[in-house]
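**Q** Pasting data.cif here (mmCIF, C-alpha atoms):
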data_my_file
#
loop_
_atom_site.label_atom_id
_atom_site.label_comp_id
_atom_site.auth_asym_id
_atom_site.auth_seq_id
_atom_site.Cartn_x
_atom_site.Cartn_y
_atom_site.Cartn_z
CA MET A 1 36.55 -13.32 -6.38
CA LEU A 2 34.54 -16.54 -6.10
CA GLN A 3 32.30 -15.59 -9.01
CA GLN A 4 35.28 -15.90 -11.35
CA LEU A 5 35.93 -19.39 -10.06
CA PHE A 6 32.28 -20.34 -10.65
CA LEU A 7 32.31 -19.00 -14.20
CA MET A 8 35.27 -21.25 -14.97
CA ALA A 9 33.55 -24.29 -13.49
CA ASP A 10 33.25 -26.33 -16.69
CA PHE A 11 36.97 -25.96 -17.26
CA LEU A 12 37.98 -26.57 -13.64
CA LEU A 13 36.47 -30.01 -13.12
CA LYS A 14 38.48 -32.82 -14.63
CA ASP A 15 35.54 -34.94 -15.72
CA GLY A 16 33.90 -32.11 -17.68
CA THR A 17 30.98 -31.69 -15.28
CA LYS A 18 29.93 -28.30 -13.96
CA LEU A 19 30.71 -27.09 -10.47
CA LEU A 20 27.34 -25.62 -9.51
CA TYR A 21 23.92 -27.17 -9.93
CA ALA A 22 22.40 -23.74 -10.71
CA SER A 23 24.85 -22.94 -13.51
CA ASN A 24 24.49 -23.32 -17.27
CA GLU A 25 26.07 -26.47 -18.64
CA THR A 26 27.64 -24.61 -21.56
CA THR A 27 28.76 -21.26 -20.16
CA GLY A 28 29.05 -21.97 -16.43
CA GLU A 29 27.03 -18.82 -15.69
CA LEU A 30 24.32 -18.99 -13.08
CA ASN A 31 20.77 -19.40 -14.30
CA ALA A 32 18.75 -16.19 -14.35
CA ASP A 33 16.43 -17.38 -11.58
CA CYS A 34 19.21 -18.52 -9.26
CA TRP A 35 18.59 -17.03 -5.81
CA TYR A 36 22.22 -16.25 -5.01
CA ARG A 37 23.43 -14.75 -8.27
CA ASN A 38 23.61 -11.28 -6.63
CA GLU A 39 24.53 -12.38 -3.11
CA PRO A 40 27.84 -10.95 -1.75
CA PHE A 41 29.18 -14.42 -0.90
CA TYR A 42 28.94 -15.21 -4.62
CA THR A 43 29.89 -11.90 -6.21
CA THR A 44 32.62 -10.56 -3.93
CA GLU A 45 33.74 -12.91 -1.17
CA THR A 46 36.91 -14.96 -1.55
CA ALA A 47 38.27 -17.89 0.42
CA SER A 48 40.46 -16.89 3.35
CA ALA A 49 44.20 -16.65 2.79
CA GLY A 50 46.37 -19.23 4.54
CA TRP A 51 45.58 -22.87 5.23
CA ALA A 52 43.05 -24.79 7.26
CA LEU A 53 42.39 -28.33 8.43
CA VAL A 54 39.04 -29.25 6.89
CA SER A 55 36.98 -32.36 7.58
CA LYS A 56 36.13 -34.51 4.56
CA GLU A 57 32.63 -35.15 5.86
CA THR A 58 30.27 -33.49 8.29
CA ILE A 59 31.14 -34.17 11.91
CA PRO A 60 29.37 -36.96 13.82
CA ASP A 61 26.06 -36.11 15.48
CA SER A 62 25.57 -32.89 13.50
CA THR A 63 22.76 -33.89 11.14
CA ASP A 64 19.06 -33.37 11.80
CA LYS A 65 19.91 -30.55 14.20
CA ASP A 66 18.96 -26.89 14.07
CA TYR A 67 21.72 -24.27 13.82
CA TRP A 68 21.98 -23.83 17.60
CA GLN A 69 22.19 -27.57 18.22
CA GLN A 70 24.83 -27.82 15.51
CA THR A 71 26.79 -25.06 17.22
CA LEU A 72 26.73 -27.00 20.49
CA ALA A 73 27.86 -30.12 18.60
CA LEU A 74 30.77 -28.13 17.13
CA ALA A 75 31.79 -26.92 20.57
CA SER A 76 31.73 -30.46 21.96
CA TYR A 77 33.65 -31.79 18.96
CA PHE A 78 36.50 -29.35 19.45
CA LYS A 79 36.57 -29.69 23.22
CA ASP A 80 36.26 -33.48 23.40
CA ARG A 81 37.84 -34.62 20.13
CA ILE A 82 40.17 -32.05 18.58
CA PHE A 83 41.66 -30.90 21.89
CA ALA A 84 41.11 -34.10 23.87
CA GLY A 85 43.81 -34.46 26.52
CA VAL A 86 45.48 -31.12 25.76
CA SER A 87 44.89 -27.53 26.76
CA LEU A 88 42.49 -25.54 24.63
CA LEU A 89 44.02 -22.73 22.65
CA GLU A 90 43.05 -19.36 24.10
CA GLN A 91 40.86 -18.38 21.14
CA TYR A 92 38.82 -21.57 21.50
CA ARG A 93 38.59 -21.27 25.28
CA SER A 94 37.29 -17.72 24.86
CA ALA A 95 34.85 -18.90 22.18
CA LEU A 96 33.42 -21.58 24.48
CA THR A 97 33.04 -19.05 27.29
CA GLU A 98 31.18 -16.71 24.93
CA LEU A 99 28.93 -19.60 23.86
CA ASP A 100 28.06 -20.41 27.47
CA GLN A 101 27.30 -16.76 28.19
CA TYR A 102 25.05 -16.48 25.13
CA ALA A 103 23.18 -19.65 26.13
CA ALA A 104 22.66 -18.36 29.67
CA ALA A 105 21.43 -14.98 28.45
CA ASN A 106 19.07 -16.27 25.77
CA PHE A 107 18.08 -19.90 26.39
CA SER A 108 18.40 -20.51 30.13
CA GLY A 109 15.79 -22.99 31.37
CA LYS A 110 14.51 -23.75 27.88
CA SER A 111 14.36 -27.24 26.40
CA PRO A 112 15.82 -28.02 22.95
CA GLU A 113 12.26 -28.02 21.64
CA GLY A 114 11.58 -24.64 23.22
CA ILE A 115 14.76 -23.19 21.74
CA ASN A 116 13.84 -24.56 18.34
CA GLN A 117 10.48 -22.80 18.54
CA LEU A 118 12.30 -19.52 19.16
CA LEU A 119 14.57 -20.15 16.18
CA ARG A 120 11.51 -20.71 14.01
CA GLY A 121 9.60 -17.72 15.36
CA ALA A 122 9.36 -14.02 14.65
CA ASP A 123 12.94 -13.38 15.86
CA SER A 124 14.54 -16.10 13.74
CA ASP A 125 16.55 -13.58 11.68
CA ARG A 126 18.00 -12.06 14.85
CA TYR A 127 18.99 -15.46 16.19
CA ALA A 128 20.52 -16.40 12.85
CA GLY A 129 22.71 -13.31 12.91
CA GLU A 130 23.68 -13.61 16.55
CA ILE A 131 24.44 -17.33 16.58
CA SER A 132 26.37 -17.32 13.31
CA SER A 133 28.45 -14.42 14.67
CA LEU A 134 29.53 -16.34 17.76
CA SER A 135 33.27 -16.95 17.75
CA ILE A 136 32.92 -20.73 17.83
CA ASN A 137 31.08 -20.58 14.51
CA GLN A 138 33.39 -18.00 12.96
CA LEU A 139 36.42 -20.07 13.99
CA THR A 140 35.20 -23.50 12.95
CA ARG A 141 32.59 -23.23 10.17
CA GLN A 142 33.44 -22.52 6.55
CA SER A 143 32.10 -19.62 4.53
CA PRO A 144 30.31 -20.60 1.30
CA ALA A 145 33.37 -19.42 -0.65
CA GLU A 146 35.67 -21.62 1.39
CA ALA A 147 33.35 -24.61 1.14
CA ILE A 148 33.12 -24.41 -2.65
CA TYR A 149 36.85 -23.76 -3.00
CA ASP A 150 37.62 -26.85 -0.92
CA LEU A 151 35.26 -28.97 -3.03
CA VAL A 152 37.04 -27.85 -6.20
CA VAL A 153 40.59 -28.27 -4.91
CA TYR A 154 39.93 -31.71 -3.44
CA PHE A 155 38.24 -32.91 -6.59
CA GLN A 156 41.04 -31.63 -8.81
CA ASN A 157 43.68 -33.32 -6.69
CA ASN A 158 41.88 -36.56 -5.87
CA THR A 159 39.06 -36.94 -8.43
CA GLU A 160 36.71 -37.51 -5.50
CA ARG A 161 33.67 -35.46 -4.58
CA LEU A 162 33.30 -34.36 -0.99
CA LEU A 163 29.79 -34.02 0.47
CA PRO A 164 28.15 -35.97 -2.38
CA LYS A 165 24.96 -36.71 -0.41
CA ILE A 166 24.88 -34.11 2.32
CA HIS A 167 24.95 -30.35 2.89
CA SER A 168 27.11 -28.41 5.33
CA TRP A 169 25.76 -25.30 7.06
CA THR A 170 28.17 -22.37 6.80
CA LYS A 171 28.75 -19.23 8.88
CA ARG A 172 27.27 -16.80 6.34
CA LEU A 173 23.84 -15.21 6.11
CA SER A 174 22.00 -14.53 2.89
CA SER A 175 20.82 -10.97 2.32
CA GLY A 176 17.41 -12.12 3.54
CA GLY A 177 18.82 -13.28 6.89
CA TRP A 178 18.85 -17.01 6.19
CA LEU A 179 21.87 -19.26 6.81
CA VAL A 180 23.65 -20.55 3.71
CA ASN A 181 24.58 -24.19 3.20
CA VAL A 182 26.60 -25.98 0.52
CA GLY A 183 26.70 -29.62 -0.52
CA ARG A 184 25.19 -32.43 -2.57
CA PHE A 185 28.27 -32.19 -4.77
CA ASN A 186 27.51 -34.81 -7.42
CA ALA A 187 27.67 -35.03 -11.20
CA ASP A 188 24.94 -32.37 -11.48
CA GLY A 189 27.03 -29.84 -9.54
CA ALA A 190 27.09 -28.59 -5.95
CA ASN A 191 23.88 -27.21 -4.50
CA VAL A 192 23.81 -23.91 -2.57
CA SER A 193 20.75 -23.30 -0.41
CA ARG A 194 19.68 -21.42 2.73
CA TYR A 195 17.45 -22.07 5.71
CA ARG A 196 16.11 -20.44 8.87
CA PRO A 197 18.11 -21.35 12.00
CA GLY A 198 15.34 -23.58 13.35
CA PHE A 199 15.36 -25.87 10.31
CA HIS A 200 16.74 -29.39 10.66
CA VAL A 201 16.86 -32.35 8.30
CA GLY A 202 18.82 -35.57 7.96
CA ASP A 203 21.05 -34.45 5.08
CA LEU A 204 22.19 -31.17 6.68
CA GLY A 205 25.23 -31.32 8.95
CA VAL A 206 28.35 -29.24 9.47
CA SER A 207 31.93 -29.62 8.30
CA VAL A 208 34.72 -28.14 10.39
CA SER A 209 37.49 -25.86 9.26
CA ARG A 210 40.26 -25.11 11.74
CA GLN A 211 42.15 -22.05 10.51
CA SER A 212 45.88 -21.79 11.16
#
Kindly transcribe the structure held in the file into structure tokens.
**A**
Amino acid sequence: MLQQLFLMADFLLKDGTKLLYASNETTGELNADCWYRNEPFYTTETASAGWALVSKETIPDSTDKDYWQQTLALASYFKDRIFAGVSLLEQYRSALTELDQYAAANFSGKSPEGINQLLRGADSDRYAGEISSLSINQLTRQSPAEAIYDLVVYFQNNTERLLPKIHSWTKRLSSGGWLVNVGRFNADGANVSRYRPGFHVGDLGVSVSRQS
């Protein structure tokens, strides 16, 4: 499980620095007040078996966007960049159709600002669950476990930190219904946070992970 990887953090990183910002510098254990110490993505979830093509940075035009706008940016990135000039694989074609249907059923006629107000409103938890569950997000976003695992593996192999100044929003919800993000992987350790789906800020984008 991912928790075992976290507990070994001080021994995993070549330069002797810890993996997680919220962990103890001596033992690697999470601090007692850490919000995710009992979250399933920390205690039980593991990275998916197999391999994936993962972007080193967040994709272009994905920062300072709410979770819905990021999802649209992901869809455009795969349609116009990853599969440019070739036929979409069936699973991605179906995912884009599902995305269009969800948009028509929930946001038809609404401006980006109007949609953002919905994502910040009383139903924000529902939107977080529904949008993160869309196939385009499940196919192309990392889980927190996968994101952290990729940070570790890349650092061990290349002695280079991915996402040193930015966070990537994942496809997992916290137990409180907020969307988990991972990043700011610097000498103090990677930060793990969570936000409502309507949140947007300049250092929060999305990395892509194409499973194969």
**Q** Expressed in Å to a single decimal, how great is the separation between CA of Ala187 in chain A and CA of Asp150 in chain A?
**A**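 Rounded to one decimal, the two atoms are 16.5 Å apart.
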**Q** If we count all atoms listed in the file and set the cut-off at 10 Å, which residues sit around Ser94 in chain A, ignoring sequence neighbours fewer than 6 positions away in its own chain? Please answer as a list in words.
**A** Leu88, Asp100, Ser135 and Ile136 of chain A
**Q** Quick one, how far is CA of Val208 in chain A from CA of Thr140 in chain A?
**A**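 Spanning CA of Val208 in chain A to CA of Thr140 in chain A is a straight-line distance of 5.3 Å.
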**Q** Here is a test: counting only C-alpha atoms, which residue of A:Arg81, A:Arg172, A:Lys165, A:Arg196 is nearest to Ser124 in chain A?
**A**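 Between A:Arg81, A:Arg172, A:Lys165, A:Arg196, the residue approaching Ser124 in chain A most closely is A:Arg196.
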**Q** Starting from the displayed file, determine the output of the PyMOL selection byres ((chain A and resi 19) around 12) and express the residue list as a short mmCIF file (atom, residue, chain, number, x, y, z; two decimals) with C-alpha atoms, in the frame of the given file.
**A**
data_model
loop_
_atom_site.label_atom_id
_atom_site.label_comp_id
_atom_site.auth_asym_id
_atom_site.auth_seq_id
_atom_site.Cartn_x
_atom_site.Cartn_y
_atom_site.Cartn_z
CA GLN A 3 32.30 -15.59 -9.01
CA LEU A 5 35.93 -19.39 -10.06
CA PHE A 6 32.28 -20.34 -10.65
CA LEU A 7 32.31 -19.00 -14.20
CA MET A 8 35.27 -21.25 -14.97
CA ALA A 9 33.55 -24.29 -13.49
CA ASP A 10 33.25 -26.33 -16.69
CA PHE A 11 36.97 -25.96 -17.26
CA LEU A 12 37.98 -26.57 -13.64
CA LEU A 13 36.47 -30.01 -13.12
CA LYS A 14 38.48 -32.82 -14.63
CA ASP A 15 35.54 -34.94 -15.72
CA GLY A 16 33.90 -32.11 -17.68
CA THR A 17 30.98 -31.69 -15.28
CA LYS A 18 29.93 -28.30 -13.96
CA LEU A 20 27.34 -25.62 -9.51
CA TYR A 21 23.92 -27.17 -9.93
CA ALA A 22 22.40 -23.74 -10.71
CA SER A 23 24.85 -22.94 -13.51
CA ASN A 24 24.49 -23.32 -17.27
CA GLU A 25 26.07 -26.47 -18.64
CA THR A 26 27.64 -24.61 -21.56
CA THR A 27 28.76 -21.26 -20.16
CA GLY A 28 29.05 -21.97 -16.43
CA GLU A 29 27.03 -18.82 -15.69
CA LEU A 30 24.32 -18.99 -13.08
CA ILE A 148 33.12 -24.41 -2.65
CA TYR A 149 36.85 -23.76 -3.00
CA ASP A 150 37.62 -26.85 -0.92
CA LEU A 151 35.26 -28.97 -3.03
CA VAL A 152 37.04 -27.85 -6.20
CA VAL A 153 40.59 -28.27 -4.91
CA PHE A 155 38.24 -32.91 -6.59
CA GLN A 156 41.04 -31.63 -8.81
CA ARG A 161 33.67 -35.46 -4.58
CA VAL A 182 26.60 -25.98 0.52
CA GLY A 183 26.70 -29.62 -0.52
CA ARG A 184 25.19 -32.43 -2.57
CA PHE A 185 28.27 -32.19 -4.77
CA ASN A 186 27.51 -34.81 -7.42
CA ALA A 187 27.67 -35.03 -11.20
CA ASP A 188 24.94 -32.37 -11.48
CA GLY A 189 27.03 -29.84 -9.54
CA ALA A 190 27.09 -28.59 -5.95
CA ASN A 191 23.88 -27.21 -4.50
CA VAL A 192 23.81 -23.91 -2.57
#
**Q** Would you translate the PyMOL selection byres ((chain A and resi 117-122) around 9) into the concrete set of residues it matches in this file, as a ChimeraX atom specification?
**A** /A:66-68,112-116,123-128,196-199
**Q** Choose the residue, out of A:Val180, A:Ala145, A:Leu204, A:Ala75, that has the smallest atom-to-atom separation from Leu163 in chain A; count only C-alpha atoms.
**A** A:Leu204
**Q** Using Å and a single decimal, report how far CA of Ser209 in chain A sits from CA of Leu72 in chain A.
**A**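 Atom-to-atom, CA of Leu72 in chain A and CA of Ser209 in chain A are spaced 15.6 Å apart.
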**Q** Just so the selection is clear, what residues does the PyMOL selection byres ((chain A and resi 201) around 7) cover here, as a list of chain:residue names?
**A** A:Thr63, A:Asp64, A:Lys65, A:Phe199, A:His200, A:Gly202, A:Asp203, A:Leu204
**Q** At a cut-off of 9 Å, using all atoms listed in the file, what residues contact Phe78 in chain A? Leave out same-chain residues fewer than 4 positions from it and give the result as a ChimeraX atom specification.
**A** /A:73-74,82-84,88,92,140
**Q** For range 12-25 of chain A, I'd like the enclosing box, axis-aligned and padded by 5 Å on every side, reported as lines of an AutoDock Vina configuration file with centre and edge lengths in Å to one decimal.
**A**
center_x = 30.4
center_y = -28.9
center_z = -14.1
size_x = 26.1
size_y = 22.0
size_z = 19.1
**Q** Applying 12 Å and all atoms listed in the file, which residues near Glu98 in chain A remain after dropping the ones on its own chain fewer than 3 positions away? List them as a list in words.
**A**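 What passes the distance filter is Ala75, Gln91, Tyr92, Arg93, Ser94, Ala95, Gln101, Tyr102, Ala103, Ala104, Ala105, Glu130, Ile131, Ser133, Leu134, Ser135, Ile136 and Asn137 of chain A.
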**Q** Just want the 7 Å neighbourhood of Ile59 in chain A, counted on all atoms listed in the file, with same-chain residues fewer than 3 positions away dropped. Output as a ChimeraX atom specification.
**A** /A:62,206-207
**Q** Choose the residue, out of A:Gly205, A:Ser193, A:Ser143, A:Asn158, that has the smallest atom-to-atom separation from Gln69 in chain A; count only C-alpha atoms.
**A**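 Closest to Gln69 in chain A of all the choices is A:Gly205.
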**Q** Just checking: using only C-alpha atoms, which residue out of A:Ser168, A:Asn181, A:Ser76, A:Ser108 ends up closest to Leu96 in chain A?
**A**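 Closest residue, counting only C-alpha atoms: A:Ser76.
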